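**Q** Structure file final03.pdb (PDB, C-alpha atoms and all ligand atoms) right here:
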```
ATOM      1  CA  MET A 504       2.196  30.804   5.725
ATOM      2  CA  LYS A 505       0.208  27.547   5.701
ATOM      3  CA  ASN A 506       2.264  24.315   5.781
ATOM      4  CA  ILE A 507       1.483  20.625   5.587
ATOM      5  CA  VAL A 508       4.024  18.374   7.266
ATOM      6  CA  THR A 509       3.524  14.681   6.526
ATOM      7  CA  GLY A 510       5.170  12.415   9.063
ATOM      8  CA  GLY A 511       5.057  15.332  11.468
ATOM      9  CA  ALA A 512       5.031  13.072  14.540
ATOM     10  CA  GLY A 513       8.402  11.564  13.616
ATOM     11  CA  LEU A 514      11.868  12.637  14.709
ATOM     12  CA  ILE A 515      12.673  15.202  12.022
ATOM     13  CA  GLY A 516       9.050  16.127  11.267
ATOM     14  CA  SER A 517       8.233  17.013  14.869
ATOM     15  CA  HIS A 518      11.334  19.181  15.308
ATOM     16  CA  LEU A 519      10.504  20.875  12.013
ATOM     17  CA  ILE A 520       6.990  21.601  13.275
ATOM     18  CA  ASP A 521       8.426  23.127  16.468
ATOM     19  CA  LYS A 522      10.474  25.570  14.392
ATOM     20  CA  LEU A 523       7.596  26.464  12.061
ATOM     21  CA  ILE A 524       5.192  27.014  14.954
ATOM     22  CA  ASN A 525       7.833  29.102  16.763
ATOM     23  CA  SER A 526       7.985  31.295  13.657
ATOM     24  CA  ASN A 527       4.215  31.789  13.896
ATOM     25  CA  GLU A 528       3.443  29.700  10.862
ATOM     26  CA  GLU A 529       0.333  27.604  10.436
ATOM     27  CA  VAL A 530       0.976  23.847  10.415
ATOM     28  CA  ILE A 531      -1.209  20.899   9.505
ATOM     29  CA  CYS A 532       0.434  17.684  10.572
ATOM     30  CA  LEU A 533      -0.530  14.458   8.781
ATOM     31  CA  ASP A 534       0.576  11.240  10.464
ATOM     32  CA  ASN A 535      -0.719   7.743  11.165
ATOM     33  CA  PHE A 536       1.814   7.003  13.936
ATOM     34  CA  ALA A 537       3.265   4.112  11.924
ATOM     35  CA  THR A 538       6.644   5.091  13.360
ATOM     36  CA  GLY A 539       5.882   8.565  14.724
ATOM     37  CA  ASN A 540       4.742   9.207  18.258
ATOM     38  CA  TYR A 541       1.812  11.250  19.569
ATOM     39  CA  ALA A 542       4.039  12.490  22.405
ATOM     40  CA  ASN A 543       6.171  14.356  19.844
ATOM     41  CA  ILE A 544       3.339  16.702  18.820
ATOM     42  CA  LYS A 545       0.903  16.815  21.712
ATOM     43  CA  HIS A 546       2.434  20.044  23.087
ATOM     44  CA  HIS A 547       1.020  21.873  20.025
ATOM     45  CA  LEU A 548      -2.554  20.589  20.197
ATOM     46  CA  SER A 549      -3.948  23.627  21.991
ATOM     47  CA  ASN A 550      -2.240  26.039  19.561
ATOM     48  CA  PRO A 551      -4.718  27.516  17.037
ATOM     49  CA  ASN A 552      -1.923  27.544  14.418
ATOM     50  CA  PHE A 553      -1.582  23.777  14.682
ATOM     51  CA  LYS A 554      -3.880  21.051  13.455
ATOM     52  CA  PHE A 555      -3.364  17.303  13.520
ATOM     53  CA  ILE A 556      -5.045  15.001  11.013
ATOM     54  CA  TYR A 557      -4.697  11.243  11.354
ATOM     55  CA  HIS A 558      -3.794  10.213   7.830
ATOM     56  CA  ASP A 559      -2.000   7.432   5.963
ATOM     57  CA  VAL A 560      -0.238   8.967   2.953
ATOM     58  CA  THR A 561      -1.015   5.962   0.749
ATOM     59  CA  ASN A 562      -4.608   7.260   0.785
ATOM     60  CA  LYS A 563      -5.677  10.472  -0.977
ATOM     61  CA  PRO A 564      -4.911  13.410   1.310
ATOM     62  CA  PRO A 565      -7.501  15.896   2.530
ATOM     63  CA  ASN A 566      -7.890  18.677  -0.021
ATOM     64  CA  ILE A 567      -6.001  21.415   1.830
ATOM     65  CA  ASN A 568      -4.746  24.482   0.031
ATOM     66  CA  CYS A 569      -1.358  25.395   1.477
ATOM     67  CA  GLN A 570       1.781  27.189   0.324
ATOM     68  CA  ARG A 571       4.237  24.520   1.384
ATOM     69  CA  ILE A 572       4.240  20.729   1.699
ATOM     70  CA  TRP A 573       7.056  19.125   3.646
ATOM     71  CA  HIS A 574       6.796  15.433   2.772
ATOM     72  CA  MET A 575       8.594  13.647   5.599
ATOM     73  CA  ALA A 576       6.351  10.571   6.010
ATOM     74  CA  CYS A 577       8.074   7.187   5.704
ATOM     75  CA  PRO A 578       9.632   4.712   8.109
ATOM     76  CA  ALA A 579      13.381   5.396   7.936
ATOM     77  CA  SER A 580      14.979   2.867  10.257
ATOM     78  CA  PRO A 581      16.070  -0.318   8.415
ATOM     79  CA  THR A 582      14.417  -2.542  11.037
ATOM     80  CA  LYS A 583      11.138  -0.619  10.629
ATOM     81  CA  TYR A 584      11.042  -0.247   6.856
ATOM     82  CA  GLN A 585      11.862  -3.945   6.412
ATOM     83  CA  ILE A 586       8.921  -5.129   8.550
ATOM     84  CA  ASN A 587       6.564  -4.596   5.626
ATOM     85  CA  PRO A 588       8.678  -3.817   2.543
ATOM     86  CA  ILE A 589       5.712  -3.697   0.180
ATOM     87  CA  GLU A 590       4.016  -1.125   2.403
ATOM     88  CA  THR A 591       7.306   0.836   2.483
ATOM     89  CA  MET A 592       7.380   0.942  -1.314
ATOM     90  CA  LYS A 593       3.729   2.036  -1.396
ATOM     91  CA  ILE A 594       4.510   4.844   1.044
ATOM     92  CA  CYS A 595       7.464   5.969  -1.094
ATOM     93  CA  PHE A 596       5.685   5.756  -4.431
ATOM     94  CA  ILE A 597       1.928   6.171  -3.861
ATOM     95  CA  GLY A 598       2.419   8.381  -0.799
ATOM     96  CA  THR A 599       4.728  10.745  -2.658
ATOM     97  CA  TYR A 600       2.482  10.670  -5.726
ATOM     98  CA  ASN A 601      -0.576  11.591  -3.629
ATOM     99  CA  MET A 602       1.190  14.511  -1.986
ATOM    100  CA  LEU A 603       2.667  15.732  -5.287
ATOM    101  CA  GLU A 604      -0.818  15.712  -6.803
ATOM    102  CA  LEU A 605      -2.054  17.866  -3.938
ATOM    103  CA  ALA A 606       0.900  20.236  -4.414
ATOM    104  CA  PHE A 607       0.136  20.451  -8.132
ATOM    105  CA  LYS A 608      -3.531  21.199  -7.463
ATOM    106  CA  HIS A 609      -2.723  24.165  -5.228
ATOM    107  CA  ASN A 610       0.635  25.134  -6.714
ATOM    108  CA  SER A 611       2.355  24.461  -3.374
ATOM    109  CA  GLN A 612       6.105  24.279  -2.921
ATOM    110  CA  PHE A 613       7.012  20.627  -2.323
ATOM    111  CA  LEU A 614       9.938  19.306  -0.308
ATOM    112  CA  LEU A 615      10.761  15.591  -0.341
ATOM    113  CA  ALA A 616      12.653  14.019   2.536
ATOM    114  CA  SER A 617      14.895  11.775   0.475
ATOM    115  CA  THR A 618      17.823   9.857   1.859
ATOM    116  CA  SER A 619      21.473   8.895   1.653
ATOM    117  CA  GLU A 620      20.135   5.384   0.993
ATOM    118  CA  ILE A 621      19.524   6.297  -2.629
ATOM    119  CA  TYR A 622      23.345   5.909  -2.969
ATOM    120  CA  GLY A 623      23.005   2.248  -1.849
ATOM    121  CA  ASN A 624      26.311   0.636  -0.876
ATOM    122  CA  PRO A 625      28.420   3.440  -2.346
ATOM    123  CA  LYS A 626      31.599   2.910  -4.318
ATOM    124  CA  VAL A 627      32.545   6.592  -4.084
ATOM    125  CA  HIS A 628      33.597   8.460  -0.898
ATOM    126  CA  PRO A 629      32.430  10.868   0.225
ATOM    127  CA  GLN A 630      29.148  10.739  -1.671
ATOM    128  CA  ASP A 631      28.337  13.884  -3.600
ATOM    129  CA  GLU A 632      25.090  14.626  -5.378
ATOM    130  CA  GLU A 633      26.509  13.710  -8.795
ATOM    131  CA  TYR A 634      27.166  10.123  -7.687
ATOM    132  CA  GLU A 635      24.454   7.912  -9.164
ATOM    133  CA  GLY A 636      24.626   5.223  -6.511
ATOM    134  CA  SER A 637      24.992   1.471  -6.294
ATOM    135  CA  VAL A 638      21.702  -0.190  -5.389
ATOM    136  CA  ASN A 639      20.874  -3.867  -5.617
ATOM    137  CA  THR A 640      17.192  -4.308  -6.531
ATOM    138  CA  SER A 641      16.981  -7.684  -4.783
ATOM    139  CA  SER A 642      18.410  -6.534  -1.448
ATOM    140  CA  ILE A 643      16.219  -6.384   1.650
ATOM    141  CA  ARG A 644      17.030  -2.649   1.810
ATOM    142  CA  ALA A 645      15.857  -2.009  -1.748
ATOM    143  CA  CYS A 646      12.246  -1.317  -0.707
ATOM    144  CA  TYR A 647      13.490   1.916   0.848
ATOM    145  CA  GLU A 648      16.487   2.626  -1.405
ATOM    146  CA  GLU A 649      14.566   2.089  -4.634
ATOM    147  CA  GLY A 650      11.407   3.514  -3.076
ATOM    148  CA  LYS A 651      13.108   6.828  -2.370
ATOM    149  CA  ARG A 652      14.787   6.801  -5.781
ATOM    150  CA  ILE A 653      11.401   6.597  -7.463
ATOM    151  CA  ALA A 654      10.052   9.259  -5.095
ATOM    152  CA  GLU A 655      12.820  11.588  -6.277
ATOM    153  CA  THR A 656      12.113  10.714  -9.905
ATOM    154  CA  LEU A 657       8.425  11.498  -9.407
ATOM    155  CA  CYS A 658       9.380  14.936  -8.081
ATOM    156  CA  PHE A 659      11.596  15.638 -11.094
ATOM    157  CA  ASP A 660       8.831  14.532 -13.477
ATOM    158  CA  PHE A 661       6.245  16.758 -11.770
ATOM    159  CA  ASN A 662       8.780  19.563 -12.030
ATOM    160  CA  ARG A 663       9.467  18.979 -15.751
ATOM    161  CA  LYS A 664       5.865  18.337 -16.734
ATOM    162  CA  TYR A 665       4.006  20.837 -14.526
ATOM    163  CA  ASP A 666       6.766  23.166 -13.401
ATOM    164  CA  LEU A 667       6.072  22.184  -9.792
ATOM    165  CA  ASP A 668       8.422  23.942  -7.393
ATOM    166  CA  ILE A 669      10.335  21.033  -5.822
ATOM    167  CA  ARG A 670      13.094  20.596  -3.224
ATOM    168  CA  ILE A 671      14.933  17.309  -2.603
ATOM    169  CA  ALA A 672      16.776  16.861   0.705
ATOM    170  CA  ARG A 673      19.034  13.788   0.758
ATOM    171  CA  ILE A 674      19.065  13.226   4.493
ATOM    172  CA  PHE A 675      21.977  11.312   6.029
ATOM    173  CA  ASN A 676      21.856   9.623   9.455
ATOM    174  CA  THR A 677      20.116  11.933  11.902
ATOM    175  CA  TYR A 678      19.618  11.513  15.639
ATOM    176  CA  GLY A 679      18.395  13.394  18.662
ATOM    177  CA  PRO A 680      15.734  13.648  21.353
ATOM    178  CA  ARG A 681      12.399  12.010  20.388
ATOM    179  CA  MET A 682      13.939   8.994  18.683
ATOM    180  CA  ASP A 683      11.902   5.974  19.642
ATOM    181  CA  ILE A 684      13.358   3.564  22.147
ATOM    182  CA  GLU A 685      12.493   0.727  19.777
ATOM    183  CA  ASP A 686      13.626   2.622  16.667
ATOM    184  CA  GLY A 687      16.335   0.053  15.955
ATOM    185  CA  ARG A 688      18.937   2.483  14.647
ATOM    186  CA  VAL A 689      22.421   2.489  15.952
ATOM    187  CA  ILE A 690      22.484   5.548  18.239
ATOM    188  CA  SER A 691      19.201   4.803  19.987
ATOM    189  CA  ASN A 692      20.079   1.105  20.319
ATOM    190  CA  PHE A 693      23.501   1.806  21.846
ATOM    191  CA  ILE A 694      22.164   4.440  24.265
ATOM    192  CA  VAL A 695      19.210   2.349  25.417
ATOM    193  CA  GLN A 696      21.351  -0.773  25.786
ATOM    194  CA  SER A 697      23.952   1.113  27.840
ATOM    195  CA  LEU A 698      21.288   2.705  30.054
ATOM    196  CA  ARG A 699      19.734  -0.722  30.668
ATOM    197  CA  SER A 700      23.142  -2.333  31.253
ATOM    198  CA  LYS A 701      22.532  -4.708  28.361
ATOM    199  CA  ALA A 702      25.244  -5.767  25.900
ATOM    200  CA  ILE A 703      25.764  -3.380  22.991
ATOM    201  CA  THR A 704      24.796  -5.062  19.722
ATOM    202  CA  ILE A 705      27.528  -4.673  17.097
ATOM    203  CA  TYR A 706      26.604  -5.822  13.613
ATOM    204  CA  GLY A 707      29.565  -7.174  11.664
ATOM    205  CA  ASP A 708      33.034  -6.194  12.869
ATOM    206  CA  GLY A 709      31.997  -2.613  13.589
ATOM    207  CA  SER A 710      34.404  -1.173  11.013
ATOM    208  CA  GLN A 711      31.538   0.106   8.837
ATOM    209  CA  THR A 712      31.146   3.884   8.990
ATOM    210  CA  ARG A 713      28.391   6.464   9.260
ATOM    211  CA  SER A 714      28.275  10.183  10.016
ATOM    212  CA  PHE A 715      25.699  11.524  12.422
ATOM    213  CA  CYS A 716      23.803  14.802  12.213
ATOM    214  CA  TYR A 717      22.018  16.267  15.217
ATOM    215  CA  VAL A 718      18.321  16.834  14.521
ATOM    216  CA  ASP A 719      18.383  20.637  15.107
ATOM    217  CA  ASP A 720      21.055  21.012  12.442
ATOM    218  CA  MET A 721      19.113  18.808  10.052
ATOM    219  CA  VAL A 722      15.946  20.874  10.493
ATOM    220  CA  SER A 723      17.850  24.142   9.852
ATOM    221  CA  GLY A 724      19.233  22.646   6.644
ATOM    222  CA  ILE A 725      15.781  21.533   5.509
ATOM    223  CA  ILE A 726      14.311  24.984   6.191
ATOM    224  CA  ASN A 727      17.181  26.716   4.363
ATOM    225  CA  LEU A 728      16.564  24.405   1.424
ATOM    226  CA  MET A 729      12.844  25.180   1.299
ATOM    227  CA  ASN A 730      13.658  28.903   1.489
ATOM    228  CA  SER A 731      16.164  28.626  -1.364
ATOM    229  CA  ASN A 732      15.241  28.284  -5.008
ATOM    230  CA  TYR A 733      17.388  25.173  -5.552
ATOM    231  CA  GLN A 734      15.461  22.425  -7.354
ATOM    232  CA  ARG A 735      18.187  19.757  -7.565
ATOM    233  CA  PRO A 736      18.981  17.133  -4.889
ATOM    234  CA  ILE A 737      21.152  18.282  -2.029
ATOM    235  CA  ASN A 738      22.913  16.277   0.691
ATOM    236  CA  LEU A 739      22.208  17.211   4.308
ATOM    237  CA  GLY A 740      24.172  15.519   7.046
ATOM    238  CA  HIS A 741      27.275  15.718   9.173
ATOM    239  CA  ASP A 742      30.493  15.124   7.290
ATOM    240  CA  LYS A 743      32.550  13.607  10.095
ATOM    241  CA  GLU A 744      32.771   9.874   9.593
ATOM    242  CA  TYR A 745      32.852   7.412  12.511
ATOM    243  CA  LYS A 746      33.383   3.677  12.708
ATOM    244  CA  ILE A 747      30.440   1.984  14.443
ATOM    245  CA  LEU A 748      32.808   0.429  16.986
ATOM    246  CA  ASP A 749      34.187   3.878  17.875
ATOM    247  CA  LEU A 750      30.637   5.170  18.274
ATOM    248  CA  ALA A 751      29.900   2.264  20.628
ATOM    249  CA  ASP A 752      32.988   3.075  22.702
ATOM    250  CA  LYS A 753      31.998   6.715  22.906
ATOM    251  CA  ILE A 754      28.442   5.971  24.066
ATOM    252  CA  ARG A 755      29.509   3.266  26.476
ATOM    253  CA  TYR A 756      32.085   5.581  28.015
ATOM    254  CA  LYS A 757      29.474   8.321  28.473
ATOM    255  CA  ILE A 758      26.893   6.056  30.133
ATOM    256  CA  ASN A 759      28.232   2.814  31.475
ATOM    257  CA  SER A 760      31.711   1.533  30.680
ATOM    258  CA  ASN A 761      30.877  -1.873  32.151
ATOM    259  CA  VAL A 762      28.572  -2.980  29.349
ATOM    260  CA  ASN A 763      29.951  -5.569  26.940
ATOM    261  CA  TYR A 764      29.648  -5.975  23.216
ATOM    262  CA  LYS A 765      27.659  -8.711  21.550
ATOM    263  CA  ILE A 766      28.595  -9.361  17.931
ATOM    264  CA  PHE A 767      25.952 -10.195  15.306
ATOM    265  CA  GLU A 768      26.208 -10.839  11.599
ATOM    266  CA  LEU A 769      26.243  -7.738   9.395
ATOM    267  CA  PRO A 770      22.723  -7.417   7.909
ATOM    268  CA  GLU A 771      22.418  -8.010   4.164
ATOM    269  CA  GLY A 772      23.156  -4.930   2.064
ATOM    270  CA  ASP A 773      24.391  -2.882   5.047
ATOM    271  CA  PRO A 774      26.528  -0.103   3.468
ATOM    272  CA  LEU A 775      30.174  -0.383   4.554
ATOM    273  CA  ARG A 776      30.990   3.314   4.285
ATOM    274  CA  ARG A 777      28.724   6.324   4.224
ATOM    275  CA  ASN A 778      29.754   9.940   4.452
ATOM    276  CA  PRO A 779      28.229  12.922   2.686
ATOM    277  CA  SER A 780      29.935  15.627   0.756
ATOM    278  CA  ILE A 781      28.119  18.728   1.997
ATOM    279  CA  GLU A 782      29.982  21.216  -0.183
ATOM    280  CA  LEU A 783      26.839  22.010  -2.151
ATOM    281  CA  ALA A 784      24.783  22.690   0.993
ATOM    282  CA  LYS A 785      27.555  24.956   2.312
ATOM    283  CA  GLN A 786      27.685  26.866  -0.946
ATOM    284  CA  ILE A 787      24.010  27.069  -1.869
ATOM    285  CA  LEU A 788      22.269  27.037   1.500
ATOM    286  CA  ASN A 789      25.010  28.655   3.526
ATOM    287  CA  TRP A 790      24.516  25.747   5.892
ATOM    288  CA  GLU A 791      26.699  23.388   7.828
ATOM    289  CA  PRO A 792      26.089  21.425  11.027
ATOM    290  CA  LYS A 793      26.890  23.212  14.260
ATOM    291  CA  PHE A 794      26.603  20.345  16.740
ATOM    292  CA  GLY A 795      29.452  17.880  17.107
ATOM    293  CA  LEU A 796      28.763  14.274  18.064
ATOM    294  CA  ASN A 797      29.687  14.756  21.729
ATOM    295  CA  GLU A 798      27.255  17.599  22.331
ATOM    296  CA  GLY A 799      24.496  15.920  20.318
ATOM    297  CA  LEU A 800      24.954  12.628  22.126
ATOM    298  CA  ASP A 801      24.803  14.332  25.525
ATOM    299  CA  LYS A 802      21.447  15.903  24.652
ATOM    300  CA  THR A 803      20.139  12.633  23.246
ATOM    301  CA  ILE A 804      21.309  10.603  26.251
ATOM    302  CA  LYS A 805      19.548  13.080  28.536
ATOM    303  CA  PHE A 806      16.326  12.571  26.584
ATOM    304  CA  PHE A 807      16.551   8.780  26.794
ATOM    305  CA  LYS A 808      17.323   8.907  30.521
ATOM    306  CA  ASN A 809      14.086  10.847  31.044
ATOM    307  CA  ASN A 810      12.013   8.771  28.628
ATOM    308  CA  LEU A 811      13.260   5.245  29.054
ATOM    309  CA  ASN A 812       9.772   4.050  29.870
ATOM    310  CA  ARG A 813       7.989   6.092  27.228
ATOM    311  CA  VAL A 814       5.377   4.057  25.355
ATOM    312  CA  VAL A 815       6.260   3.645  21.690
TER     313      VAL A 815
HETATM  314  N1  LIG A 901      24.253  -1.138  13.810
HETATM  315  C1  LIG A 901      24.882  -1.880  14.792
HETATM  316  N2  LIG A 901      24.151  -2.205  15.885
HETATM  317  C2  LIG A 901      22.869  -1.816  16.082
HETATM  318  C3  LIG A 901      22.240  -1.052  15.077
HETATM  319  C4  LIG A 901      22.963  -0.741  13.945
HETATM  320  O1  LIG A 901      26.068  -2.239  14.678
HETATM  321  O2  LIG A 901      22.288  -2.152  17.122
HETATM  322  C5  LIG A 901      25.032  -0.742  12.612
HETATM  323  C6  LIG A 901      24.352  -1.112  11.287
HETATM  324  O3  LIG A 901      24.721  -2.411  10.894
HETATM  325  C7  LIG A 901      24.885  -0.049  10.357
HETATM  326  C8  LIG A 901      25.095   1.168  11.252
HETATM  327  O4  LIG A 901      25.108   0.675  12.577
HETATM  328  O5  LIG A 901      26.119  -0.433   9.814
HETATM  329  C9  LIG A 901      23.977   2.205  11.122
HETATM  330  O6  LIG A 901      22.761   1.520  11.231
HETATM  331  P1  LIG A 901      21.371   2.263  11.338
HETATM  332  O7  LIG A 901      20.328   1.187  11.422
HETATM  333  O8  LIG A 901      21.415   3.262  12.424
HETATM  334  O9  LIG A 901      21.195   3.093  10.011
HETATM  335  P2  LIG A 901      21.621   2.896   8.480
HETATM  336  O10 LIG A 901      22.694   3.896   8.279
HETATM  337  O11 LIG A 901      22.132   1.499   8.259
HETATM  338  O12 LIG A 901      20.382   3.188   7.730
END
```
Please rewrite the model in this file as structure tokens.
Ligand code: UDP
**A**
Amino acid sequence: MKNIVTGGAGLIGSHLIDKLINSNEEVICLDNFATGNYANIKHHLSNPNFKFIYHDVTNKPPNINCQRIWHMACPASPTKYQINPIETMKICFIGTYNMLELAFKHNSQFLLASTSEIYGNPKVHPQDEEYEGSVNTSSIRACYEEGKRIAETLCFDFNRKYDLDIRIARIFNTYGPRMDIEDGRVISNFIVQSLRSKAITIYGDGSQTRSFCYVDDMVSGIINLMNSNYQRPINLGHDKEYKILDLADKIRYKINSNVNYKIFELPEGDPLRRNPSIELAKQILNWEPKFGLNEGLDKTIKFFKNNLNRVV
């Protein structure tokens, strides 16, 4: 089968490509390295089943006829997507529109990497797919939250109007080897800071919560979703909720218990609690995460130890 993976040099995209290539599928990776890294895909370059095209999804894509489009391209770390919020919205809206048009042209199956951020600062816990969210349009996070909401809406409209075969993965916090050192998200920050014996940066009082899914589990969920015939949004993530302060303790204990904490103000709009209901994914995709946080962190710490000087 021929696949396009946009954002294929990113964390989830590159692990997805590994699995597709290992299953002898053909993969065309589109990326402009805005947040992805060449090192994440270079091991495939000599494989005749793999092709890389440097491409910014806000431009019209090359006219490639393929069976499946996995649309993963978009900066996902708050620090990255807030650098240029207007560009982030263009990636979400125009980028998704461009790839949907290509899917429509060739009748390709289309999977959107959506996000837990469409729930905003949720008032319902855990968040299930029926929850409509609580997003503030004027928040500094809205470029991504609202951007991904409109990306989902575009998919539903292509589905209603043209019967396009869509899949919507609402991806919750995901981590693992190949995260960028400068990614800015909590797990990579805490690991890198501990390895460098720098103070761990806690935003707010650290009582806010997240749940963390290891990248291999996330990729299995995404593949199961594409292989299903489910055209409604579905949450993918780990359902064990951790306080950020407890995560910091865990990472510090694993690497360097001497590092201190440095407290910063909680960024505007930072959700206080986030935890997915994954009942639907269990039922429909027969999927649930296999890796616990300890095992996933050990693998991720090992990666960072070996790549601390990797160029971003
Ligand atoms: N966070 C933190 N220190 C950091 C990075 C993040 O305390 O160095 C907190 C952040 O405020 C948020 C949580 O960790 O409450 C998860 O942040 P991240 O940027 O990883 O992803 P988010 O879930 O907010 O998109």
**Q** Give me the result of the PyMOL selection byres (((chain A and resi 547) around 12) and not hetatm) on this file, residue by residue, as a list of chain:residue names.
**A**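 Written out, the selection comes to A:Gly511, A:Ala512, A:Ser517, A:His518, A:Ile520, A:Asp521, A:Lys522, A:Leu523, A:Ile524, A:Asn525, A:Glu529, A:Val530, A:Ile531, A:Cys532, A:Tyr541, A:Ala542, A:Asn543, A:Ile544, A:Lys545, A:His546, A:Leu548, A:Ser549, A:Asn550, A:Pro551, A:Asn552, A:Phe553, A:Lys554, A:Phe555.
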**Q** Using the chain letters and numbering of this document, enumerate as a PyMOL selection string the residues selected by the PyMOL selection byres (((chain A and resi 592) around 12) and not hetatm).
**A** chain A and resi 560-561+577-579+584-591+593-600+643-654
**Q** Ligand LIG 901 (chain A): which residues are within 6 Å, counting all atoms listed in the file, as a PyMOL selection string?
**A** chain A and resi 580-581+676+688-689+692+704-706+711+747+769+773
**Q** As an exercise, work out the distance from CA of Gly539 in chain A to CA of Asp720 in chain A in Å and give it to one decimal place.
**A**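 Calculated distance between CA of Gly539 in chain A and CA of Asp720 in chain A is 19.8 Å.
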**Q** Residues at most 12 Å from Val722 in chain A, counting only C-alpha atoms, excluding those fewer than 6 positions away in the same chain, as a VMD selection string?
**A** chain A and resid 514 to 523 573 575 616 672 674 677 to 679 716 728 to 729 739 to 740 790 to 793
**Q** Can you write out the residues you just picked, keeping C-alpha atoms, as a compact mmCIF listing (two decimals), in the coordinates of the input?
**A**
```
# COMPACT_ATOMS: atom_id res chain seq x y z
CA LEU A 514 11.87 12.64 14.71
CA ILE A 515 12.67 15.20 12.02
CA GLY A 516 9.05 16.13 11.27
CA SER A 517 8.23 17.01 14.87
CA HIS A 518 11.33 19.18 15.31
CA LEU A 519 10.50 20.88 12.01
CA ILE A 520 6.99 21.60 13.28
CA ASP A 521 8.43 23.13 16.47
CA LYS A 522 10.47 25.57 14.39
CA LEU A 523 7.60 26.46 12.06
CA TRP A 573 7.06 19.12 3.65
CA MET A 575 8.59 13.65 5.60
CA ALA A 616 12.65 14.02 2.54
CA ALA A 672 16.78 16.86 0.70
CA ILE A 674 19.07 13.23 4.49
CA THR A 677 20.12 11.93 11.90
CA TYR A 678 19.62 11.51 15.64
CA GLY A 679 18.40 13.39 18.66
CA CYS A 716 23.80 14.80 12.21
CA LEU A 728 16.56 24.40 1.42
CA MET A 729 12.84 25.18 1.30
CA LEU A 739 22.21 17.21 4.31
CA GLY A 740 24.17 15.52 7.05
CA TRP A 790 24.52 25.75 5.89
CA GLU A 791 26.70 23.39 7.83
CA PRO A 792 26.09 21.42 11.03
CA LYS A 793 26.89 23.21 14.26
```
**Q** I'd like to see the residues matched by the PyMOL selection byres (((chain A and resi 605) around 12) and not hetatm) on this file, and ideally I'd get them as a VMD selection string.
**A** chain A and resid 507 560 562 to 574 598 to 604 606 to 613 661 667
**Q** Kindly indicate which residue among A:Glu635, A:Pro680, A:Gly772, A:Pro736 lies nearest to Gly707 in chain A, using all atoms listed in the file for the distances.
**A**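 Of the candidates, the smallest distance to Gly707 in chain A is held by A:Gly772.
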**Q** Between A:His741, A:Lys701, A:Arg777, A:Lys785, single out the one closest to Asn727 in chain A, counting all atoms listed in the file.
**A**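 For Asn727 in chain A, the nearest of the given residues is A:Lys785.
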**Q** Report, in Å with one decimal, the straight-line distance from CA of Asn797 in chain A to CA of Arg755 in chain A.
**A**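 Interatomic distance, CA of Asn797 in chain A to CA of Arg755 in chain A: 12.4 Å.
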**Q** Mind giving me the straight-line distance from CA of Ile726 in chain A to CA of Thr509 in chain A in Å, one decimal?
**A** 14.9 Å
